[in-house]
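Have a look at the structure below before the remarks.
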Amino acid sequence: MGVVTYTDEHTSPVPPARIFKASILDSHNLMPKLLPDAIKSIELIKGDGRAGSINQINFAGGFAKHQIDEIDEKAFTYKYTLIEGNGISDKIEKVSYDIKFEGSADGGSISKMTTAIYTHGDFEIKDEELKAGKEKVLGLYKVVEAYLLKNPDVYV
């Protein structure tokens with residue numbers, strides 16, 4: 001098994017508590033609302049939303065199951081693993097994500113996300129595929145950020 005790990009960092013004018021509440025704690029409500037053509041629903045299929053729970057994201061073209069590994073509402077950290085569905089194949093065993101939102105000097109936030117892709121055998125992921133995955137995640141954050149900036153009274 002191989003492991004490809006990379007870290008991305010993004011800044012936002014939105015404070016960490018708001019972006020964490022919107023993008024992590026209430027994603028099951030907010031994401032289908034903001035992206036109805038892409039995300040049909042997010043359902044808790046096992047557990048109570050804490051570590052060990054499993055969410056299923058239903059897309060227009062499939063699904064993905066995420067196992068929550070750790071969630072800390074005070075430190076604004078969230079760790080989860082993609083365990084089944086879109087993104088998992090005979091070449092990719094699982095993908096783990098470690099997300100942390102920190103305050104920035106200007107009152108906004110810095111989000112840091114470390115991604116670890118566990119591959120079967122000696123399969124190598126192409127740089128173009130990594131870039132496409134990074135851009136997709138950044139796009140989701142930008143949609144949430146735009147919503148929060150347009151609606152300053154939500155998730156406060």
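Order determines the names: the first chain of the structure tokens is A, the second B, and so forth; residues in each chain are numbered 1 upward, and ligands are numbered 1 upward as they are shown.
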
- Fewer than 2 positions away in the same chain doesn't count, so skip those; otherwise give me all residues within 10 Å of Ile83 (chain A), counting only C-alpha atoms, as a PyMOL selection string. chain A and resi 54+64-67+80-81+85-88+92-96

Where does region 39-97 of chain A meet region 1-22 of chain A within 9 Å, residue by residue, with the nearest atom pair and distance in Å to one decimal for each, counting only C-alpha atoms, listed by chain and rising number, as a Markdown table?
```
| residue | atom | partner | partner_atom | distance |
| --- | --- | --- | --- | --- |
| A:Glu73 | CA | A:Phe20 | CA | 8.0 |
| A:Lys74 | CA | A:Ala17 | CA | 8.6 |
| A:Phe76 | CA | A:Phe20 | CA | 6.2 |
| A:Thr77 | CA | A:Phe20 | CA | 8.3 |
| A:Tyr78 | CA | A:Phe20 | CA | 9.0 |
| A:Glu93 | CA | A:Met1 | CA | 8.7 |
```

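Taking only C-alpha atoms into account, Lys112 (chain A) lies nearest to A:Lys79 out of the set A:Lys131, A:Lys126, A:Lys91, A:Lys79.
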
- Using only C-alpha atoms, which residues sit within 12 Å of Glu129 (chain A) once same-chain residues fewer than 5 positions away are excluded, as a list in words? Gly87, Ile117, Glu124, Lys134, Glu135 and Lys136 of chain A

Expected file: the selected residues, N, CA and C atoms, as a CSV table (one decimal), in the first residue's frame:
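So the final result, stored in out.csv, reads:
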```csv
chain,number,residue,atom,x,y,z
A,87,GLY,N,-14.7,8.0,-5.4
A,87,GLY,CA,-13.4,8.3,-4.9
A,87,GLY,C,-12.6,7.0,-4.4
A,117,ILE,N,-4.0,9.9,0.9
A,117,ILE,CA,-4.7,9.0,0.0
A,117,ILE,C,-3.9,7.6,0.1
A,124,GLU,N,0.1,4.9,-8.6
A,124,GLU,CA,0.5,6.3,-8.4
A,124,GLU,C,-0.6,7.2,-8.9
A,134,LYS,N,-8.1,18.9,-5.3
A,134,LYS,CA,-7.8,20.1,-4.5
A,134,LYS,C,-8.8,21.3,-5.0
A,135,GLU,N,-8.9,21.4,-6.3
A,135,GLU,CA,-9.8,22.5,-6.8
A,135,GLU,C,-11.2,22.3,-6.4
A,136,LYS,N,-11.7,21.0,-6.4
A,136,LYS,CA,-13.0,20.7,-6.0
A,136,LYS,C,-13.3,21.1,-4.6
```

- Note on the structure: In terms of only C-alpha atoms, the residue from A:Ile125, A:Ala60, A:Ala75, A:Ile99 at minimal distance from Pro36 (chain A) is A:Ala60

- Message: I need the strand (DSSP E or B) residues of region 11-134 of chain A per DSSP on the backbone, written as a VMD selection string.
- Response: chain A and resid 11 to 12 39 to 46 54 to 59 62 to 72 77 to 85 92 to 103 109 to 119

Now that the selection is made, can you save its residues with C-alpha atoms as an mmCIF file, in the first residue's frame?
```
data_model
loop_
_atom_site.group_PDB
_atom_site.id
_atom_site.type_symbol
_atom_site.label_atom_id
_atom_site.label_comp_id
_atom_site.auth_asym_id
_atom_site.auth_seq_id
_atom_site.Cartn_x
_atom_site.Cartn_y
_atom_site.Cartn_z
ATOM 1 C CA THR A 11 -7.486 32.078 4.077
ATOM 2 C CA SER A 12 -10.958 33.501 4.488
ATOM 3 C CA ILE A 39 -25.348 17.251 -3.593
ATOM 4 C CA LYS A 40 -28.787 15.708 -3.208
ATOM 5 C CA SER A 41 -28.588 14.930 0.520
ATOM 6 C CA ILE A 42 -26.263 14.145 3.418
ATOM 7 C CA GLU A 43 -27.524 11.513 5.849
ATOM 8 C CA LEU A 44 -26.194 10.200 9.130
ATOM 9 C CA ILE A 45 -26.410 6.436 8.582
ATOM 10 C CA LYS A 46 -24.575 5.259 11.709
ATOM 11 C CA ILE A 54 -20.807 7.480 9.256
ATOM 12 C CA ASN A 55 -22.336 10.054 6.907
ATOM 13 C CA GLN A 56 -23.489 9.269 3.402
ATOM 14 C CA ILE A 57 -23.332 12.063 0.841
ATOM 15 C CA ASN A 58 -25.691 11.432 -2.062
ATOM 16 C CA PHE A 59 -24.535 13.089 -5.276
ATOM 17 C CA GLY A 62 -23.304 8.460 -6.932
ATOM 18 C CA PHE A 63 -22.492 8.584 -3.238
ATOM 19 C CA ALA A 64 -19.655 8.717 -0.733
ATOM 20 C CA LYS A 65 -19.472 7.436 2.828
ATOM 21 C CA HIS A 66 -17.394 9.334 5.360
ATOM 22 C CA GLN A 67 -16.436 7.937 8.736
ATOM 23 C CA ILE A 68 -15.972 10.642 11.354
ATOM 24 C CA ASP A 69 -12.683 9.971 13.119
ATOM 25 C CA GLU A 70 -12.599 13.030 15.381
ATOM 26 C CA ILE A 71 -14.535 16.253 15.827
ATOM 27 C CA ASP A 72 -13.653 19.061 18.239
ATOM 28 C CA THR A 77 -10.888 20.472 14.059
ATOM 29 C CA TYR A 78 -12.452 17.668 12.067
ATOM 30 C CA LYS A 79 -10.947 14.397 10.909
ATOM 31 C CA TYR A 80 -12.780 11.985 8.667
ATOM 32 C CA THR A 81 -12.099 9.182 6.221
ATOM 33 C CA LEU A 82 -13.707 8.500 2.852
ATOM 34 C CA ILE A 83 -14.401 4.767 3.129
ATOM 35 C CA GLU A 84 -16.804 3.916 0.304
ATOM 36 C CA GLY A 85 -18.355 5.261 -2.899
ATOM 37 C CA ILE A 92 -7.652 3.664 -3.845
ATOM 38 C CA GLU A 93 -8.405 2.036 -0.490
ATOM 39 C CA LYS A 94 -9.381 5.138 1.496
ATOM 40 C CA VAL A 95 -8.765 8.873 1.801
ATOM 41 C CA SER A 96 -8.269 10.561 5.179
ATOM 42 C CA TYR A 97 -8.768 14.261 5.821
ATOM 43 C CA ASP A 98 -7.561 16.343 8.766
ATOM 44 C CA ILE A 99 -9.104 19.826 8.795
ATOM 45 C CA LYS A 100 -8.336 22.664 11.187
ATOM 46 C CA PHE A 101 -9.706 26.207 11.200
ATOM 47 C CA GLU A 102 -7.601 28.825 12.992
ATOM 48 C CA GLY A 103 -8.171 32.512 13.585
ATOM 49 C CA SER A 109 -9.649 32.285 9.389
ATOM 50 C CA ILE A 110 -6.959 30.044 8.010
ATOM 51 C CA SER A 111 -8.093 26.557 7.071
ATOM 52 C CA LYS A 112 -5.488 23.834 6.923
ATOM 53 C CA MET A 113 -6.349 20.491 5.395
ATOM 54 C CA THR A 114 -4.055 17.495 5.233
ATOM 55 C CA THR A 115 -5.165 14.759 2.869
ATOM 56 C CA ALA A 116 -3.747 11.226 2.895
ATOM 57 C CA ILE A 117 -4.671 8.976 -0.027
ATOM 58 C CA TYR A 118 -4.067 5.273 0.637
ATOM 59 C CA THR A 119 -3.540 3.356 -2.591
#
```

- Task: Please identify which residues in chain A DSSP calls alpha helix (DSSP H) from the backbone, and express them as a ChimeraX atom specification.
- Result: /A:16-20,27-34,127-150

- Message: Set the distance at 10 Å and use only C-alpha atoms: which residues neighbour Asp90 (chain A) once local chain neighbours fewer than 4 positions away are removed? I'd like the list as a list of chain:residue names.
- Response: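 The residues that qualify are A:Thr119, A:His120, A:Gly121, A:Phe123.
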
Output of the above residues as a JSON list (two decimals), in the first residue's frame, restricted to N, CA and C atoms:
```json
[["chain", "number", "residue", "atom", "x", "y", "z"],
["A", 119, "THR", "N", -3.35, 4.09, -1.34],
["A", 119, "THR", "CA", -3.54, 3.36, -2.59],
["A", 119, "THR", "C", -3.23, 1.87, -2.42],
["A", 120, "HIS", "N", -3.83, 1.07, -3.28],
["A", 120, "HIS", "CA", -3.53, -0.36, -3.32],
["A", 120, "HIS", "C", -2.28, -0.56, -4.17],
["A", 121, "GLY", "N", -1.40, -1.44, -3.71],
["A", 121, "GLY", "CA", -0.21, -1.78, -4.49],
["A", 121, "GLY", "C", 0.67, -0.59, -4.76],
["A", 123, "PHE", "N", 0.13, 1.69, -7.16],
["A", 123, "PHE", "CA", -0.61, 2.67, -7.95],
["A", 123, "PHE", "C", -0.16, 4.08, -7.59]]
```

- Using only C-alpha atoms, which of the listed residues (A:Ile24, A:Asp127, A:Leu140, A:Gly52) sits closest to Ala38 (chain A)?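 Of all the options, A:Leu140 lies closest to Ala38 (chain A).
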
Within 8 Å of Leu34 (chain A) using only C-alpha atoms, minus same-chain residues under 2 positions, as a PDB file with N, CA and C atoms, in the first residue's frame:
```pdb
ATOM      1  N   LEU A  30     -26.775  22.547   4.964  1.00  0.00           N
ATOM      2  CA  LEU A  30     -26.337  23.654   4.121  1.00  0.00           C
ATOM      3  C   LEU A  30     -25.884  23.231   2.726  1.00  0.00           C
ATOM      4  N   MET A  31     -25.089  22.179   2.613  1.00  0.00           N
ATOM      5  CA  MET A  31     -24.520  21.824   1.308  1.00  0.00           C
ATOM      6  C   MET A  31     -25.585  21.453   0.264  1.00  0.00           C
ATOM      7  N   PRO A  32     -26.597  20.645   0.599  1.00  0.00           N
ATOM      8  CA  PRO A  32     -27.640  20.375  -0.407  1.00  0.00           C
ATOM      9  C   PRO A  32     -28.414  21.640  -0.796  1.00  0.00           C
ATOM     10  N   PRO A  36     -27.646  22.222  -4.879  1.00  0.00           N
ATOM     11  CA  PRO A  36     -28.684  21.192  -5.086  1.00  0.00           C
ATOM     12  C   PRO A  36     -28.494  20.331  -6.335  1.00  0.00           C
ATOM     13  N   VAL A 143     -17.907  28.340  -1.974  1.00  0.00           N
ATOM     14  CA  VAL A 143     -19.366  28.443  -1.995  1.00  0.00           C
ATOM     15  C   VAL A 143     -19.884  28.748  -0.586  1.00  0.00           C
ATOM     16  N   VAL A 144     -19.365  28.040   0.414  1.00  0.00           N
ATOM     17  CA  VAL A 144     -19.779  28.283   1.805  1.00  0.00           C
ATOM     18  C   VAL A 144     -19.355  29.683   2.233  1.00  0.00           C
TER      19      VAL A 144
END
```

- Message: Can you measure CA of Gly107 (chain A) to CA of Ala132 (chain A) for me? One decimal in Å is fine.
- Response: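 These two atoms are separated by 29.7 Å.
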
- Between CA of Asp106 (chain A) and CA of Tyr141 (chain A), what is the spacing in Å?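 Distance between the two atoms: 18.7 Å.
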